[in-house]
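Just below is one structure, and these are the notes that go with it.
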Number of protein chains: 2
Amino acid sequence: MSREPFTRLSREVLVDNAWHRYCLDRYVHADGSEGAYYYVDMAGSCTVIPWFPDGTTMLVRVQRYLLDCDLFEFPTGGLQPGDEVKAMAQTELREEGGLVASRWDALGRFAPYKGVSNEICHVFLARGLTAVPQEPEPSEKITLHRMPLAEARRRLVEQEPADAMSLAALALLDRWCAGPGAGQGVG
Amino acid sequence: MSREPFTRLSREVLVDNAWHRYCLDRYVHADGSEGAYYYVDMAGSCTVIPWFPDGTTMLVRVQRYLLDCDLFEFPTGGLQPGDEVKAMAQTELREEGGLVASRWDALGRFAPYKGVSNEICHVFLARGLTAVPQEPEPSEKITLHRMPLAEARRRLVEQEPADAMSLAALALLDRWCAGPGAGQGVG
């Protein structure tokens with residue numbers, strides 16, 4: 001399959017806010033027809049799976065305004081242009097999860113919303129954890145829930161609706177655990 | 001946790017296009033402070049996991065303009081306001097996957113992009129499959145890839161980036177297979 005069925009003619013930022021840019025690209029297809037693509041432009045994001053020596057993890061429970069419900073999630077944060085991914089993951093884990101970690105492993109990357117956003121989410125496993133005061137943003141109402149990983153897995157997939165980003169992070173954790181990178185650190 | 005830390009003051013549709021609406025809500029927090037929420041308003045979507053009697057499934061490979069790559073995915077489509085979810089899943093499976101199915105099971109729902117979109121994706125298992133001509137939209141460049149489910153799982157999680165929506169669909173399939181609804185139909 002060709003990588004270039006689209007040739008971009010123009011790019012316009014329609015709305016620029018503190019979180020993302022909403023853009024319109026005009027393009028021409030390989031067959032000569034023209035089209036328009038509306039999308040969210042994001043510098044990326046990071047999701048952190050905390051892992052304690054006793055086999056527990058930490059979920060956060062977040063009020064999701066757009067879904068009109070609370071969701072169990074792994075700590076997640078959006079990047080701003082220029083942010084360094086791992087540093088942002090450390091900030092998110094500290095501010096949202098109330099944890100600092102001495103060991104960080106990159107588990108991989110996923111696209112959460114392939115059709116409408118160019119966001120790539122980077123997933124990390126955080127070990128060597130120490131509790132610190134949580135520092136959520138004023139707009140965030142977040143509670144912490146420490147539990148065995150199997151219980152976290154059950155809560156993440158059984159909630160309605162499920163949180164696809166946390167489920168994708170678990171799939172990348174499972175991939176990493178099955179590979180050579182995991183060593184003997186995670187049971 | 002209260003369900004109402006936000007009280008909406010206004011809602012404005014900033015951009016209305018053929019695929020979604022881009023909106024701005026203004027709201028007041030429980031503490032009296034005001035804020036703005038920019039988001040994508042979507043009527044929802046559906047993802048279909050085809051399942052053949054020989055234990056294979058069908059992935060599609062789609063050019064993803066925003067990610068500048070091709071992704072392996074389960075057939076997926078967006079809903080328009082008023083669309084019936086299962087009918088849309090049937091349409092997507094036929095047009096994108098080149099398949100019609102006689103048995104449909106609802107596997108559950110997930111939120112793909114909780115922070116920026118109100119989209120809920122409905123996941124279906126489709127069985128009793130018959131091949132029909134594929135009818136992709138002119139803007140879609142899609143190829144079909146039939147393979148054992150284990151191979152599909154591997155491709156979905158090993159591609160860079162992974163497709164979070166397909167991984168979430170697999171997690172809902174696994175949940176369903178472990179539950180009472182699965183019966184003996186899926187190995």
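Identifiers in this document derive from the order of the structure tokens: chains are assigned A, B, ..., residues are numbered from 1 separately in each chain, and ligands are numbered from 1 in order of occurrence.
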Distance query Ala169 of chain B at most 9 Å, only C-alpha atoms, self and fewer than 4 positions along chain excluded, as an MDAnalysis selection string: (chainID A and resid 164) or (chainID B and resid 47:49 74 107:110 122:124 164:165 173:174)
With N, CA and C atoms retained, could you export that selection as a PDB file, in the first residue's frame?
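This is the output file out19.pdb:
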ATOM      1  N   ALA A 164     -10.570   2.874  27.042  1.00  0.00           N
ATOM      2  CA  ALA A 164      -9.730   2.206  26.038  1.00  0.00           C
ATOM      3  C   ALA A 164      -8.243   2.483  26.245  1.00  0.00           C
TER       4      ALA A 164
ATOM      5  N   THR B  47     -17.160  -1.016  16.491  1.00  0.00           N
ATOM      6  CA  THR B  47     -16.044  -1.856  16.049  1.00  0.00           C
ATOM      7  C   THR B  47     -16.542  -3.289  16.002  1.00  0.00           C
ATOM      8  N   VAL B  48     -16.185  -4.011  14.943  1.00  0.00           N
ATOM      9  CA  VAL B  48     -16.666  -5.373  14.743  1.00  0.00           C
ATOM     10  C   VAL B  48     -15.495  -6.343  14.724  1.00  0.00           C
ATOM     11  N   ILE B  49     -15.593  -7.406  15.532  1.00  0.00           N
ATOM     12  CA  ILE B  49     -14.613  -8.490  15.482  1.00  0.00           C
ATOM     13  C   ILE B  49     -15.259  -9.649  14.727  1.00  0.00           C
ATOM     14  N   PHE B  74      -9.485  -3.724  13.592  1.00  0.00           N
ATOM     15  CA  PHE B  74     -10.778  -4.335  13.339  1.00  0.00           C
ATOM     16  C   PHE B  74     -11.638  -3.311  12.597  1.00  0.00           C
ATOM     17  N   LEU B 107     -20.469  -6.976  22.697  1.00  0.00           N
ATOM     18  CA  LEU B 107     -19.413  -7.301  23.661  1.00  0.00           C
ATOM     19  C   LEU B 107     -19.234  -6.225  24.724  1.00  0.00           C
ATOM     20  N   GLY B 108     -19.747  -5.034  24.481  1.00  0.00           N
ATOM     21  CA  GLY B 108     -19.591  -3.959  25.460  1.00  0.00           C
ATOM     22  C   GLY B 108     -19.236  -2.660  24.782  1.00  0.00           C
ATOM     23  N   ARG B 109     -18.880  -1.674  25.606  1.00  0.00           N
ATOM     24  CA  ARG B 109     -18.635  -0.320  25.107  1.00  0.00           C
ATOM     25  C   ARG B 109     -17.369   0.237  25.754  1.00  0.00           C
ATOM     26  N   PHE B 110     -16.655   1.037  24.995  1.00  0.00           N
ATOM     27  CA  PHE B 110     -15.523   1.741  25.602  1.00  0.00           C
ATOM     28  C   PHE B 110     -15.500   3.194  25.130  1.00  0.00           C
ATOM     29  N   HIS B 122     -19.090   1.028  20.427  1.00  0.00           N
ATOM     30  CA  HIS B 122     -19.815  -0.213  20.719  1.00  0.00           C
ATOM     31  C   HIS B 122     -19.130  -1.360  19.978  1.00  0.00           C
ATOM     32  N   VAL B 123     -18.809  -2.425  20.701  1.00  0.00           N
ATOM     33  CA  VAL B 123     -18.045  -3.531  20.113  1.00  0.00           C
ATOM     34  C   VAL B 123     -18.951  -4.736  19.904  1.00  0.00           C
ATOM     35  N   PHE B 124     -18.848  -5.332  18.723  1.00  0.00           N
ATOM     36  CA  PHE B 124     -19.659  -6.500  18.376  1.00  0.00           C
ATOM     37  C   PHE B 124     -18.770  -7.651  17.933  1.00  0.00           C
ATOM     38  N   ALA B 164      -5.155   1.602  19.879  1.00  0.00           N
ATOM     39  CA  ALA B 164      -5.794   1.407  21.182  1.00  0.00           C
ATOM     40  C   ALA B 164      -7.233   0.913  21.050  1.00  0.00           C
ATOM     41  N   MET B 165      -7.960   1.364  20.039  1.00  0.00           N
ATOM     42  CA  MET B 165      -9.354   0.967  19.920  1.00  0.00           C
ATOM     43  C   MET B 165      -9.468  -0.539  19.627  1.00  0.00           C
ATOM     44  N   LEU B 173     -13.640  -8.578  24.116  1.00  0.00           N
ATOM     45  CA  LEU B 173     -13.870  -9.955  23.644  1.00  0.00           C
ATOM     46  C   LEU B 173     -13.442 -10.957  24.716  1.00  0.00           C
ATOM     47  N   ASP B 174     -12.269 -10.729  25.303  1.00  0.00           N
ATOM     48  CA  ASP B 174     -11.775 -11.633  26.344  1.00  0.00           C
ATOM     49  C   ASP B 174     -12.725 -11.647  27.542  1.00  0.00           C
TER      50      ASP B 174
END
Excluding Glu95 of chain B and any residue of its chain fewer than 3 positions from it, enumerate the residues within 10 Å of it, using only C-alpha atoms, and give them as a list in words. Pro75, Ala89, Gln90, Thr91, Glu92, Gly98, Leu99, Val100, Val132, Pro133, Gln134, Glu135, Pro136 and Glu137 of chain B
Write to file, as a compact mmCIF listing (two decimals), in the first residue's frame, the residues of the selection just made, with C-alpha atoms.
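Output file selection-v2.txt follows:
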# COMPACT_ATOMS: atom_id res chain seq x y z
CA PRO B 75 -13.43 -2.84 11.03
CA ALA B 89 -21.95 -2.21 12.58
CA GLN B 90 -23.50 -4.39 9.87
CA THR B 91 -22.90 -1.70 7.27
CA GLU B 92 -19.29 -1.24 8.34
CA GLY B 98 -16.52 -7.38 2.79
CA LEU B 99 -18.54 -9.63 5.10
CA VAL B 100 -22.13 -10.18 6.19
CA VAL B 132 -19.46 -10.12 -0.19
CA PRO B 133 -17.80 -7.44 -2.34
CA GLN B 134 -15.98 -4.83 -0.26
CA GLU B 135 -17.35 -1.28 -0.73
CA PRO B 136 -14.90 1.14 0.87
CA GLU B 137 -15.53 4.86 0.67
Skipping near chain neighbours, those fewer than 3 positions away, what residues fall within 12 Å of Glu158 of chain B using only C-alpha atoms, listed as a ChimeraX atom specification? /A:107-110,168,171-176,178-179 /B:71-72,151-155,161-164,167
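As for atom CA of Asp68 of chain A and atom CA of Ser45 of chain A, they are spaced 22.3 Å apart.
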Please provide as a ChimeraX atom specification all residues within 12 Å of Ser10 of chain B, with the sequence filter that same-chain residues fewer than 3 positions apart are discarded (counting only C-alpha atoms). /B:6-7,13,23-28,34-38
Could you write those residues out with N, CA and C atoms, as a short mmCIF file (atom, residue, chain, number, x, y, z; two decimals), in the first residue's frame?
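Output file again.cif follows:
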data_model
loop_
_atom_site.label_atom_id
_atom_site.label_comp_id
_atom_site.auth_asym_id
_atom_site.auth_seq_id
_atom_site.Cartn_x
_atom_site.Cartn_y
_atom_site.Cartn_z
N PHE B 6 -18.82 20.03 37.82
CA PHE B 6 -18.97 21.05 36.77
C PHE B 6 -20.45 21.37 36.62
N THR B 7 -20.77 22.64 36.47
CA THR B 7 -22.12 23.04 36.04
C THR B 7 -21.98 23.79 34.73
N VAL B 13 -21.25 25.23 19.32
CA VAL B 13 -20.65 24.41 18.27
C VAL B 13 -19.75 25.32 17.45
N CYS B 23 -16.78 21.50 19.75
CA CYS B 23 -17.62 22.32 20.64
C CYS B 23 -16.80 22.98 21.75
N LEU B 24 -17.38 24.01 22.30
CA LEU B 24 -16.83 24.68 23.48
C LEU B 24 -17.94 24.81 24.51
N ASP B 25 -17.73 24.18 25.66
CA ASP B 25 -18.63 24.38 26.79
C ASP B 25 -17.95 25.32 27.79
N ARG B 26 -18.72 26.25 28.32
CA ARG B 26 -18.24 27.05 29.45
C ARG B 26 -18.97 26.55 30.69
N TYR B 27 -18.22 26.43 31.80
CA TYR B 27 -18.80 25.82 33.00
C TYR B 27 -18.26 26.51 34.24
N VAL B 28 -18.91 26.21 35.35
CA VAL B 28 -18.44 26.71 36.64
C VAL B 28 -18.18 25.50 37.54
N GLU B 34 -14.66 29.56 37.00
CA GLU B 34 -15.18 29.23 35.68
C GLU B 34 -14.10 28.64 34.79
N GLY B 35 -14.52 27.86 33.83
CA GLY B 35 -13.58 27.24 32.92
C GLY B 35 -14.18 27.01 31.55
N ALA B 36 -13.34 26.53 30.63
CA ALA B 36 -13.76 26.27 29.26
C ALA B 36 -13.34 24.85 28.89
N TYR B 37 -14.19 24.14 28.18
CA TYR B 37 -13.88 22.79 27.74
C TYR B 37 -14.10 22.69 26.24
N TYR B 38 -13.02 22.42 25.51
CA TYR B 38 -13.06 22.24 24.06
C TYR B 38 -13.07 20.74 23.77
#
Shell of 8 Å around Thr143 of chain A, only C-alpha atoms, local chain residues under 3 positions omitted, as a compact mmCIF listing (two decimals) with C-alpha atoms, in the first residue's frame:
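The resulting file, out00.txt, is shown below:
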# COMPACT_ATOMS: atom_id res chain seq x y z
CA VAL A 60 -6.93 6.90 39.75
CA ARG A 61 -10.63 7.59 39.58
CA VAL A 62 -11.37 10.67 37.51
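Distance annotation: of A:Ala43, A:Leu67, A:Leu14, A:Ala30, the residue with the minimal separation from Asn118 of chain B is A:Leu67; atom set is only C-alpha atoms.
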Which residue of B:Ser102, B:Gln80, B:Gln63, B:Thr56 approaches chain A most closely, using only C-alpha atoms: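 Smallest distance to chain A is found for B:Gln63.
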Which of these, A:Leu170, A:Leu66, A:Ala18, A:Leu93, has the shortest distance to chain B once you count only C-alpha atoms? A:Leu66
Any chance you could list, as number ranges by chain, the residues in segment 53-144 of chain A that come up strand (DSSP E or B) when DSSP is run on the backbone? A: 56-64, 69-73, 76-78, 99-111, 117, 121-131, 142-144
